[in-house]
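**Q** First the structure, then my questions, so here it is.
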Amino acid sequence: MMALRANTFIYLISFLTFALCSSQASAVWYQGNAQLAVDGADLNAIRVVAIKNAIADASFQHGIMITAKDISLDGLLQSSKTELRSEGKIRRVEILSEEVIDDVLHVYVKVDIEPLFDCNHDNYMRALLVTQLPVLKPTQASYGAIFDLGPQVSRRVEQQLLSDELVAKVQLINQVFMPKSVLQEPTFGYISDTARYLANEYHSQFVLFGYIRDISLFEQTTKGLINDDVALRRNFTFQLYLFDAFNNKMLLNHSYHGEADWDFKATYPVDTYNSLFWRSDYGRVVLNTVNSAVIDISNTLTCQKTLGQIIHKNTQHVVINIGSEMGVAEGDRFQLIKSESVPAQNGDMFNMLTSETKHVLTVISVDAQTAILTSDNASLFDNSHLFDLVSPLAGY
């Protein structure tokens, strides 16, 4: 029996559009498998066909009509995980195992199929504030001198989020938020307090924190018939926290991992601004890992309610921090939500939201980033305060 390394190549996969109905807002993974006789043919060519068949099998078993000929594979496969965006509904493929038994190649895959969300989400887009993603242990960056990997990864997270049709505004700020100890996760209270501060400072409901946890190197040995093959590989693991500051709610707390061969010499200072780095095995794994995280962020934000924050008021109007770039238009109606900080016994502060159902506000003027609202109920303006919230009535 000859075992194949599942992380030998990376395929960038594009698919034709097909229909899928699902009510879940998270990724939906399905498994499939395929077997194909090698029979003296080129193993890489056989492998491509087998992977296509396994993906088609995963789709077919769960009521999705897609054939192997509808799947195109391109590029060099360098890890067992592939993250992608395409016109179709399949976004990610993970190759679980590959091996040749009695001259037959057996391939098992796990496929992430994008659900069609039927949650009651409004028609407004999202504003997301992104903090810098630093390297948690800077000494790990000394090999290759990749000390600026953190800012580079942060910028690529921003770039990929900007391409998301759901996110209208992504703001990457030059601030870092790290756990107090590399051995301890940041507490909910720390993240909550920081998110509320940033939300008021930058007028953003959603805040993305994180850090690069591990970029260490290790040797991987593959047994050979005569000599063992020893490859120097490098980890890439980063931790993300997606927080709804207005609802004081953790939306995503997840660690993402990838690894690849490190092809640069120990004495060679790597320029992370150079495309040569990003075209290397390791650079592509970093991009694919970031893309996987962005997909999950988009999934999570899809079913969140957009809230506006009152940033100015007088006796006749209130001004909120969302405007036409978020989809707000004249005539849109909102409901006032009172925001109050309530102290807990341990000293933490909890944000309590109270809906004022009798107080309805209507948009009378809107620009790109703000909107002016008024109400027939004059008491609303006495009852509302700066940093109170408004919730859309239509579409929810």
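In the structure tokens, chains take the letters A, B, ... in the order shown, each chain's residues start at 1, and ligands count up from 1 in the order shown.
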From a DSSP pass on the backbone, collect the residues of region 96-145 of chain A flagged as strand (DSSP E or B) and hand them back as a ChimeraX atom specification.
**A** /A:96-101,104-113,126-132,135
**Q** Residues of region 120-293 of chain A classed as helix (DSSP H, G or I) by DSSP on the backbone are to be reported as a PyMOL selection string.
**A** chain A and resi 138-142+149-162+188-202+275-278+281-293
**Q** Measuring atom to atom with only C-alpha atoms, identify which of A:Ile146, A:Leu301, A:Ile95, A:Leu105 is nearest to Leu43 (chain A).
**A**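 Nearest candidate to Leu43 (chain A) out of A:Ile146, A:Leu301, A:Ile95, A:Leu105: A:Leu105.
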**Q** Grab the CA of Thr187 (chain A) to CA of Tyr241 (chain A) distance for me, in Å with one decimal place.
**A** 11.2 Å
**Q** Could you pull the residues within 12 Å of Thr194 (chain A), counting only C-alpha atoms, minus those fewer than 6 positions along the same chain, as a list in words?
**A** Thr131, Gln175, Val176, Phe177, Met178, Pro179, Pro186, Thr187, Phe188, Asn200, Glu201, Tyr202, Phe206, Val207, Leu208, Phe209, Tyr241, Phe243, Asp244, Ala245, Asn248 and Met349 of chain A
**Q** Figure out the distance between CA of Pro269 (chain A) and CA of Phe236 (chain A), please, to one decimal in Å.
**A**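 According to the coordinates, CA of Phe236 (chain A) and CA of Pro269 (chain A) are separated by 18.1 Å.
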**Q** Output as JSON lines one row per residue of region 264-316 of chain A within 9 Å of region 377-383 of chain A: the closest atom pair and its distance in Å to one decimal place, counting only C-alpha atoms, sorted by chain and residue number ascending.
**A**
{"residue": "A:Lys313", "atom": "CA", "partner": "A:Phe381", "partner_atom": "CA", "distance": 7.6}
{"residue": "A:Asn314", "atom": "CA", "partner": "A:Phe381", "partner_atom": "CA", "distance": 7.1}
{"residue": "A:Thr315", "atom": "CA", "partner": "A:Phe381", "partner_atom": "CA", "distance": 5.7}
{"residue": "A:Gln316", "atom": "CA", "partner": "A:Phe381", "partner_atom": "CA", "distance": 6.7}
**Q** Which one of A:Leu172, A:Ala260, A:Ile55, A:Ile311 sits closest to Lys110 (chain A) if you count only C-alpha atoms?
**A**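 Checking each candidate against Lys110 (chain A), we get A:Ile55 as the closest.
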**Q** What is the CA of Lys249 (chain A) to CA of Ser192 (chain A) distance in Å?
**A**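 Between CA of Lys249 (chain A) and CA of Ser192 (chain A) the gap is 8.0 Å.
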**Q** I'd like to know which of A:Lys169, A:His385, A:His359, A:His317 is closest to Glu340 (chain A), using only C-alpha atoms.
**A**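 Nearest candidate to Glu340 (chain A) out of A:Lys169, A:His385, A:His359, A:His317: A:His385.
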**Q** Between A:Thr306, A:Thr354, A:Gln184, A:Gln35, which is the closest to Val100 (chain A) once you count only C-alpha atoms?
**A**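 Of the candidates, the smallest distance to Val100 (chain A) is held by A:Gln35.
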**Q** Just checking: using only C-alpha atoms, which residue out of A:Leu217, A:Val130, A:Leu96, A:Met326 ends up closest to Ser154 (chain A)?
**A**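 Smallest separation from Ser154 (chain A) among the options: A:Val130.
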